[in-house]
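J.: Next comes the structure file run.cif, holding mmCIF, C-alpha atoms.
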data_work
loop_
_atom_site.label_atom_id
_atom_site.label_comp_id
_atom_site.auth_asym_id
_atom_site.auth_seq_id
_atom_site.Cartn_x
_atom_site.Cartn_y
_atom_site.Cartn_z
CA MET A 1 100.79 111.03 79.93
CA VAL A 2 99.37 107.98 81.72
CA ARG A 3 97.01 108.95 84.54
CA ILE A 4 96.92 106.52 87.47
CA ILE A 5 94.38 106.06 90.24
CA MET A 6 96.37 104.48 93.07
CA HIS A 7 94.18 101.97 94.96
CA GLY A 8 95.75 101.43 98.38
CA CYS A 9 97.80 104.61 98.19
CA ARG A 10 98.71 104.74 101.89
CA GLY A 11 99.97 101.18 102.13
CA ALA A 12 103.68 100.33 101.86
CA MET A 13 103.52 99.70 98.10
CA GLY A 14 101.25 102.67 97.50
CA ARG A 15 103.81 104.94 99.12
CA THR A 16 106.63 103.28 97.17
CA ILE A 17 104.86 103.83 93.85
CA THR A 18 104.12 107.44 94.79
CA GLU A 19 107.85 108.03 95.26
CA LEU A 20 108.71 106.28 91.99
CA VAL A 21 106.22 108.35 89.99
CA ARG A 22 107.48 111.62 91.42
CA GLY A 23 109.38 113.51 88.73
CA GLN A 24 108.47 111.16 85.85
CA GLU A 25 107.24 112.87 82.71
CA ASP A 26 105.13 110.11 81.14
CA ILE A 27 103.08 108.97 84.14
CA VAL A 28 101.27 110.68 87.02
CA ILE A 29 99.04 109.70 89.95
CA VAL A 30 95.90 111.83 89.67
CA ALA A 31 94.13 110.39 92.74
CA GLY A 32 94.52 107.87 95.51
CA VAL A 33 92.05 105.64 97.33
CA ASP A 34 92.45 104.62 100.96
CA PRO A 35 89.78 103.62 103.51
CA LEU A 36 90.79 106.52 105.77
CA GLY A 37 90.57 109.02 102.91
CA GLY A 38 91.62 112.69 103.10
CA GLY A 39 94.75 113.95 104.77
CA GLU A 40 97.91 115.53 103.43
CA SER A 41 99.13 114.24 100.07
CA GLU A 42 100.51 115.45 96.75
CA TYR A 43 97.31 114.20 95.08
CA PRO A 44 93.68 113.96 96.27
CA VAL A 45 92.94 110.91 98.44
CA TYR A 46 89.42 109.51 98.72
CA GLY A 47 87.82 106.95 100.98
CA SER A 48 86.28 105.01 98.09
CA LEU A 49 86.55 104.64 94.33
CA GLU A 50 83.10 106.18 93.88
CA GLU A 51 84.31 109.44 95.43
CA VAL A 52 87.17 109.93 92.95
CA GLN A 53 86.52 113.01 90.81
CA GLU A 54 89.64 112.92 88.63
CA GLU A 55 89.76 111.08 85.30
CA GLY A 56 92.17 108.15 85.27
CA ASP A 57 93.45 105.91 82.48
CA VAL A 58 94.20 102.94 84.71
CA VAL A 59 93.90 101.79 88.32
CA VAL A 60 96.98 100.33 90.02
CA ASP A 61 95.97 98.17 92.97
CA PHE A 62 98.14 97.33 95.95
CA ALA A 63 95.43 97.15 98.60
CA ALA A 64 94.00 94.26 100.63
CA ALA A 65 92.34 91.13 99.31
CA ALA A 66 89.08 92.14 101.01
CA ALA A 67 88.88 95.21 98.74
CA VAL A 68 89.38 93.34 95.45
CA ASP A 69 85.74 92.36 94.83
CA HIS A 70 84.51 95.94 94.86
CA LEU A 71 87.52 97.10 92.84
CA LEU A 72 86.78 94.59 90.07
CA ASP A 73 83.08 95.48 90.02
CA PHE A 74 83.94 99.18 89.80
CA CYS A 75 86.48 98.79 86.98
CA ALA A 76 84.33 96.36 85.00
CA ALA A 77 81.30 98.67 85.17
CA ARG A 78 83.34 101.66 83.98
CA LYS A 79 85.54 99.78 81.48
CA LEU A 80 88.53 101.08 83.42
CA PRO A 81 91.77 99.06 83.02
CA VAL A 82 93.23 97.73 86.25
CA VAL A 83 96.67 96.41 87.26
CA LEU A 84 95.80 93.96 90.04
CA CYS A 85 98.82 93.39 92.29
CA THR A 86 97.11 92.29 95.50
CA THR A 87 97.84 88.67 96.44
CA GLY A 88 96.11 86.12 98.68
CA LEU A 89 92.93 86.01 96.58
CA SER A 90 90.35 83.27 97.13
CA GLN A 91 89.18 81.01 94.31
CA GLU A 92 85.94 83.00 94.18
CA GLN A 93 87.92 86.19 93.71
CA LEU A 94 90.07 84.61 91.00
CA ASP A 95 86.85 83.64 89.20
CA LYS A 96 85.76 87.25 89.53
CA VAL A 97 89.03 88.38 87.91
CA PHE A 98 88.19 86.31 84.83
CA GLN A 99 84.68 87.78 84.73
CA ALA A 100 85.99 91.35 85.01
CA ALA A 101 88.42 90.65 82.16
CA LYS A 102 85.41 90.15 79.91
CA GLU A 103 84.48 93.80 80.47
CA THR A 104 87.83 95.60 80.66
CA ALA A 105 91.58 95.06 80.45
CA VAL A 106 92.91 93.38 83.61
CA LEU A 107 96.56 92.63 84.30
CA ARG A 108 97.14 90.27 87.18
CA SER A 109 100.45 88.94 88.37
CA ALA A 110 101.44 87.25 91.60
CA ASN A 111 104.71 89.18 91.41
CA MET A 112 105.48 92.32 89.43
CA SER A 113 109.25 91.78 89.36
CA LEU A 114 110.98 91.26 86.02
CA GLY A 115 113.42 88.85 87.66
CA VAL A 116 110.69 86.67 89.17
CA ASN A 117 108.87 86.43 85.86
CA LEU A 118 112.09 85.30 84.20
CA LEU A 119 112.53 82.78 87.03
CA MET A 120 109.13 81.29 86.20
CA LYS A 121 110.35 80.51 82.70
CA LEU A 122 113.64 79.06 83.91
CA VAL A 123 112.03 76.65 86.38
CA GLN A 124 109.71 75.37 83.66
CA GLU A 125 112.70 74.41 81.55
CA ALA A 126 114.43 72.87 84.56
CA ALA A 127 111.34 70.82 85.42
CA ARG A 128 111.12 69.38 81.92
CA THR A 129 114.70 68.17 82.22
CA LEU A 130 114.99 67.24 85.89
CA ALA A 131 111.56 66.04 86.99
CA GLY A 132 111.62 63.21 84.50
CA ALA A 133 115.00 62.19 85.90
CA GLY A 134 113.50 61.70 89.36
CA PHE A 135 114.35 65.04 90.98
CA ASP A 136 112.03 66.12 93.80
CA ILE A 137 110.75 69.70 93.75
CA GLU A 138 110.48 71.99 96.77
CA ILE A 139 109.74 75.71 97.04
CA VAL A 140 110.74 77.76 100.08
CA GLU A 141 109.60 81.37 100.38
CA LYS A 142 110.51 83.95 103.02
CA HIS A 143 108.78 87.25 103.79
CA HIS A 144 108.50 89.88 106.50
CA ASN A 145 106.45 89.31 109.63
CA GLN A 146 103.64 91.63 108.49
CA LYS A 147 102.65 89.54 105.45
CA LYS A 148 99.24 87.99 106.06
CA ASP A 149 98.92 85.36 103.32
CA ALA A 150 100.94 82.15 103.15
CA PRO A 151 102.27 80.70 101.01
CA SER A 152 103.03 83.77 98.93
CA GLY A 153 101.32 84.34 95.62
CA THR A 154 104.73 84.16 93.97
CA ALA A 155 105.46 80.72 95.46
CA LEU A 156 102.14 79.46 94.14
CA ALA A 157 102.82 81.03 90.74
CA LEU A 158 106.20 79.28 90.59
CA ALA A 159 104.53 75.97 91.47
CA ASP A 160 101.85 76.58 88.84
CA SER A 161 104.53 77.34 86.23
CA ILE A 162 106.26 74.04 86.96
CA ASN A 163 102.98 72.12 86.97
CA GLU A 164 102.00 73.68 83.66
CA ALA A 165 105.27 72.51 82.13
CA MET A 166 104.60 69.02 83.51
CA LYS A 167 101.02 68.96 82.20
CA GLY A 168 99.40 69.10 85.64
CA ALA A 169 101.03 65.93 86.95
CA TYR A 170 101.92 67.40 90.36
CA HIS A 171 99.97 68.29 93.49
CA TYR A 172 101.02 70.70 96.24
CA GLU A 173 101.94 69.80 99.82
CA TYR A 174 101.91 72.60 102.40
CA ASP A 175 102.23 70.68 105.68
CA ARG A 176 103.77 67.26 106.36
CA SER A 177 103.51 67.50 110.16
CA LYS A 178 100.51 65.16 110.33
CA ARG A 179 101.86 62.64 107.84
CA ARG A 180 103.96 59.57 108.62
CA GLU A 181 104.85 58.41 105.15
CA LYS A 182 107.60 58.94 102.63
CA ARG A 183 107.49 61.78 100.17
CA ASP A 184 105.23 61.42 97.14
CA GLY A 185 107.29 61.80 93.96
CA LYS A 186 104.52 63.84 92.33
CA GLU A 187 104.26 66.50 94.99
CA ILE A 188 105.69 70.00 95.10
CA GLY A 189 106.41 70.95 98.67
CA ILE A 190 105.78 74.62 99.49
CA SER A 191 107.10 76.11 102.73
CA ALA A 192 106.60 79.63 104.12
CA VAL A 193 108.88 81.53 106.50
CA ARG A 194 107.74 84.78 108.16
CA GLY A 195 110.09 87.02 110.08
CA GLY A 196 111.74 90.40 110.48
CA SER A 197 111.81 92.72 107.50
CA ILE A 198 112.54 90.21 104.71
CA VAL A 199 111.22 91.81 101.52
CA GLY A 200 110.96 88.55 99.62
CA GLU A 201 113.05 85.47 98.94
CA HIS A 202 112.11 82.46 96.82
CA ASP A 203 114.11 79.25 96.35
CA VAL A 204 113.02 76.54 93.92
CA ILE A 205 114.90 73.37 94.78
CA PHE A 206 115.31 70.39 92.45
CA ALA A 207 116.74 67.62 94.64
CA GLY A 208 118.07 64.51 92.93
CA THR A 209 120.31 61.64 93.96
CA ASP A 210 123.71 63.10 94.90
CA GLU A 211 122.98 66.54 93.40
CA VAL A 212 120.76 69.54 94.03
CA VAL A 213 119.93 72.40 91.66
CA THR A 214 118.51 75.56 93.25
CA PHE A 215 117.04 78.62 91.55
CA SER A 216 116.86 81.69 93.81
CA HIS A 217 115.44 85.19 93.68
CA THR A 218 115.94 87.81 96.39
CA ALA A 219 114.15 91.14 96.55
CA TYR A 220 116.09 93.78 98.48
CA SER A 221 113.51 96.52 98.07
CA LYS A 222 109.81 96.88 97.36
CA ALA A 223 110.80 99.28 94.58
CA ILE A 224 111.25 96.38 92.14
CA PHE A 225 107.54 95.58 92.45
CA GLY A 226 106.56 99.22 92.07
CA LYS A 227 108.67 99.62 88.91
CA GLY A 228 107.03 96.55 87.42
CA ALA A 229 103.55 97.84 88.30
CA LEU A 230 104.25 101.16 86.58
CA GLU A 231 105.49 99.39 83.45
CA ALA A 232 102.34 97.27 83.54
CA ALA A 233 100.16 100.39 83.85
CA LYS A 234 101.81 101.97 80.82
CA PHE A 235 101.37 98.73 78.88
CA LEU A 236 97.70 98.27 79.78
CA VAL A 237 96.39 101.67 78.69
CA GLY A 238 94.60 101.31 75.38
CA LYS A 239 94.67 97.50 75.40
CA ALA A 240 91.66 95.45 74.35
CA VAL A 241 89.38 93.78 76.88
CA GLY A 242 91.04 90.68 78.31
CA LEU A 243 93.32 89.18 80.94
CA TYR A 244 97.03 90.04 80.75
CA THR A 245 100.15 89.06 82.71
CA MET A 246 103.64 90.41 83.24
CA GLU A 247 104.79 88.08 80.47
CA ASP A 248 102.77 90.24 78.07
CA VAL A 249 104.53 93.34 79.43
CA ILE A 250 107.94 91.74 78.95
CA LYS A 251 107.09 90.78 75.37
CA GLY A 252 105.87 94.33 74.76
#
Could the structure of this file be written out as structure tokens, please?

T.:
Amino acid sequence: MVRIIMHGCRGAMGRTITELVRGQEDIVIVAGVDPLGGGESEYPVYGSLEEVQEEGDVVVDFAAAAAVDHLLDFCAARKLPVVLCTTGLSQEQLDKVFQAAKETAVLRSANMSLGVNLLMKLVQEAARTLAGAGFDIEIVEKHHNQKKDAPSGTALALADSINEAMKGAYHYEYDRSKRREKRDGKEIGISAVRGGSIVGEHDVIFAGTDEVVTFSHTAYSKAIFGKGALEAAKFLVGKAVGLYTMEDVIKG
């Protein structure tokens, strides 16, 4: 039985994961952490990680970026594995992720969906074939109007996957409104749309002369991210110190 401490238990994803865990026989949430603490719940909810009294095997994090620094310090000090799902991290926080992974097992992914992680592999192969043939690359992501960070972590991860395949030859362009010049052939344009209740849509566009190839992923429910996070939690328990990704989970 895998015992989870749910960090950000009262947020949208925290509630989704709580519902997914309900009734499962091999995984359970033993405690939750939320800044407000207390209140009615099927498991104890605390205002901070230090207050948690239950023993957990792994922390699953879907909180806010502002809470990540303390979370990493806490897990590193206690050698407690953590599935880090929060996006919008600063470079300083990303550096802190690498430092924490020297003390405990950390799994970080910009997107916990199996489909998105497959998409990252597909766009790498497409880039190797199409970029050299002069195709321009654009990424358009769409999310609900409550999402605070832009572009999405998934859009950046897709761009990074392409750039990795192209040996770092590309740079990213987020805003052309102040430019009066033609498109640079070595740029990846990244655009963000925010509106309504869009769960998540990502289009990777390879635009060539007289033809366009588009790879798309649409999330219809937050449950896909919760399912991926639970699979990641099961995978991470018992793993050696280090930094892991959803690709490791997929490989098994």

J.: Got a sec to resolve the PyMOL selection byres ((chain A and resi 28) around 8) on this structure and send the residues as a PDB file with C-alpha atoms, in the frame of the given file?

T.:
ATOM      1  CA  MET A   1     100.790 111.030  79.930  1.00  0.00           C
ATOM      2  CA  VAL A   2      99.370 107.980  81.720  1.00  0.00           C
ATOM      3  CA  ARG A   3      97.010 108.950  84.540  1.00  0.00           C
ATOM      4  CA  ILE A   4      96.920 106.520  87.470  1.00  0.00           C
ATOM      5  CA  VAL A  21     106.220 108.350  89.990  1.00  0.00           C
ATOM      6  CA  ARG A  22     107.480 111.620  91.420  1.00  0.00           C
ATOM      7  CA  GLN A  24     108.470 111.160  85.850  1.00  0.00           C
ATOM      8  CA  GLU A  25     107.240 112.870  82.710  1.00  0.00           C
ATOM      9  CA  ASP A  26     105.130 110.110  81.140  1.00  0.00           C
ATOM     10  CA  ILE A  27     103.080 108.970  84.140  1.00  0.00           C
ATOM     11  CA  ILE A  29      99.040 109.700  89.950  1.00  0.00           C
ATOM     12  CA  VAL A  30      95.900 111.830  89.670  1.00  0.00           C
TER      13      VAL A  30
END

J.: I want to know what sits within 10 Å of A:Ser90, based on all atoms listed in the file, with residues of the same chain fewer than 5 positions away left out; could you give that as a VMD selection string?

T.: chain A and resid 65 to 66 95 to 96

J.: Between atom CA of A:Asn111 and atom CA of A:Leu20, measure the distance and give it in Å to one decimal.

T.: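 It comes out at 17.6 Å.
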
J.: What lies within 12 Å of A:Lys147 using only C-alpha atoms, ignoring chain neighbours under 5 positions off, as a list in words?

T.: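 The contact residues come out as Ala12, Ala64, Thr86, Thr87, Gly88, Glu141, Lys142, Ser152, Gly153, Ala192, Val193, Arg194, Gly195, Gly196, Ser197, Ile198, Val199 and Gly200 of chain A.
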
J.: I'd like the contact shell of A:Ala76 - 9 Å cut-off, only C-alpha atoms, skipping same-chain residues fewer than 4 positions apart - returned as a PyMOL selection string.

T.: chain A and resi 71-72+80-81+99-105

J.: Would you write out those residues with C-alpha atoms, as a PDB file, in the coordinates of the input?

T.:
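Saved the output as selection-v3.pdb:
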ATOM      1  CA  LEU A  71      87.520  97.100  92.840  1.00  0.00           C
ATOM      2  CA  LEU A  72      86.780  94.590  90.070  1.00  0.00           C
ATOM      3  CA  LEU A  80      88.530 101.080  83.420  1.00  0.00           C
ATOM      4  CA  PRO A  81      91.770  99.060  83.020  1.00  0.00           C
ATOM      5  CA  GLN A  99      84.680  87.780  84.730  1.00  0.00           C
ATOM      6  CA  ALA A 100      85.990  91.350  85.010  1.00  0.00           C
ATOM      7  CA  ALA A 101      88.420  90.650  82.160  1.00  0.00           C
ATOM      8  CA  LYS A 102      85.410  90.150  79.910  1.00  0.00           C
ATOM      9  CA  GLU A 103      84.480  93.800  80.470  1.00  0.00           C
ATOM     10  CA  THR A 104      87.830  95.600  80.660  1.00  0.00           C
ATOM     11  CA  ALA A 105      91.580  95.060  80.450  1.00  0.00           C
TER      12      ALA A 105
END

J.: Between A:Pro151, A:Gly32, A:Gly242, A:Gly47, single out the one closest to A:Phe98, counting all atoms listed in the file.

T.: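 Ranking A:Pro151, A:Gly32, A:Gly242, A:Gly47 by distance to A:Phe98, first place goes to A:Gly242.
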
J.: Quick one: apply the PyMOL selection byres ((chain A and resi 128) around 12) to the file and drop the selected residues here as a list in words.

T.: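 What the PyMOL selection byres ((chain A and resi 128) around 12) grabs from the file is Lys121, Leu122, Val123, Gln124, Glu125, Ala126, Ala127, Thr129, Leu130, Ala131, Gly132, Ala133, Gly134, Phe135, Ile137, Ser161, Ile162, Asn163, Glu164, Ala165, Met166, Lys167, Ala169 and Phe206 of chain A.
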
J.: Going by the chain IDs and residue numbers used in this file, which residues fall under the PyMOL selection byres ((chain A and resi 60) around 8)? Write them as a PyMOL selection string.

T.: chain A and resi 4-7+58-59+61-62+82-85+229+233

J.: Can you tell me which residues surround A:Ala31 at a distance of at most 12 Å, considering all atoms listed in the file, apart from same-chain residues fewer than 6 positions away, and format the answer as a CSV table (one decimal) with C-alpha atoms, in the coordinates of the input?

T.:
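Everything below was put into out.csv:
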chain,number,residue,atom,x,y,z
A,3,ARG,CA,97.0,109.0,84.5
A,4,ILE,CA,96.9,106.5,87.5
A,5,ILE,CA,94.4,106.1,90.2
A,6,MET,CA,96.4,104.5,93.1
A,7,HIS,CA,94.2,102.0,95.0
A,8,GLY,CA,95.8,101.4,98.4
A,9,CYS,CA,97.8,104.6,98.2
A,10,ARG,CA,98.7,104.7,101.9
A,14,GLY,CA,101.2,102.7,97.5
A,18,THR,CA,104.1,107.4,94.8
A,37,GLY,CA,90.6,109.0,102.9
A,38,GLY,CA,91.6,112.7,103.1
A,41,SER,CA,99.1,114.2,100.1
A,42,GLU,CA,100.5,115.4,96.8
A,43,TYR,CA,97.3,114.2,95.1
A,44,PRO,CA,93.7,114.0,96.3
A,45,VAL,CA,92.9,110.9,98.4
A,46,TYR,CA,89.4,109.5,98.7
A,47,GLY,CA,87.8,107.0,101.0
A,48,SER,CA,86.3,105.0,98.1
A,49,LEU,CA,86.6,104.6,94.3
A,50,GLU,CA,83.1,106.2,93.9
A,51,GLU,CA,84.3,109.4,95.4
A,52,VAL,CA,87.2,109.9,93.0
A,53,GLN,CA,86.5,113.0,90.8
A,54,GLU,CA,89.6,112.9,88.6
A,55,GLU,CA,89.8,111.1,85.3
A,56,GLY,CA,92.2,108.2,85.3
A,57,ASP,CA,93.4,105.9,82.5
A,58,VAL,CA,94.2,102.9,84.7
A,59,VAL,CA,93.9,101.8,88.3
A,60,VAL,CA,97.0,100.3,90.0

J.: Counting all atoms listed in the file, figure out which residue out of A:Ala157, A:Val213, A:Leu36, A:Ile250 gets nearest to A:Phe235.

T.: A:Ile250

J.: What does the structure give for the distance between atom CA of A:Tyr170 and atom CA of A:Met120, in Å to one decimal?

T.: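 Computing the Euclidean distance for atom CA of A:Tyr170 and atom CA of A:Met120 yields 16.2 Å.
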
J.: Would you pick out the contacts of A:Asp184 at 12 Å or less, using only C-alpha atoms, so that residues sharing its chain but fewer than 3 positions from it are not included, and give the list as a VMD selection string?

T.: chain A and resid 134 to 138 169 to 173 176 179 to 181 187 to 189

J.: Check the smallest atom-to-atom distance from each of A:Ile17, A:Asp73, A:Gly168, A:Thr154 to A:Arg108 using all atoms listed in the file, then report the winner.

T.: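 Smallest separation from A:Arg108 among the options: A:Thr154.
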
J.: Could you state the separation of atom CA of A:His144 and atom CA of A:Ser191 in Å, given to one decimal place?

T.: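 Distance reported for this atom pair: 14.3 Å.
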
J.: Determine, counting all atoms listed in the file, every residue of protein, DNA or RNA that lies within 10 Å of (115.2, 91.8, 87.3) in the file coordinates, then give the result as a ChimeraX atom specification.

T.: /A:112-119,217-219,224-225,228

J.: Take every atom of stretch 222-229 of chain A listed in the file, pad by 5 Å on each side, and give me the axis-aligned box centre and edge lengths in Å, one decimal, as lines of an AutoDock Vina configuration file.

T.:
center_x = 107.4
center_y = 97.6
center_z = 92.4
size_x = 17.7
size_y = 14.0
size_z = 19.9
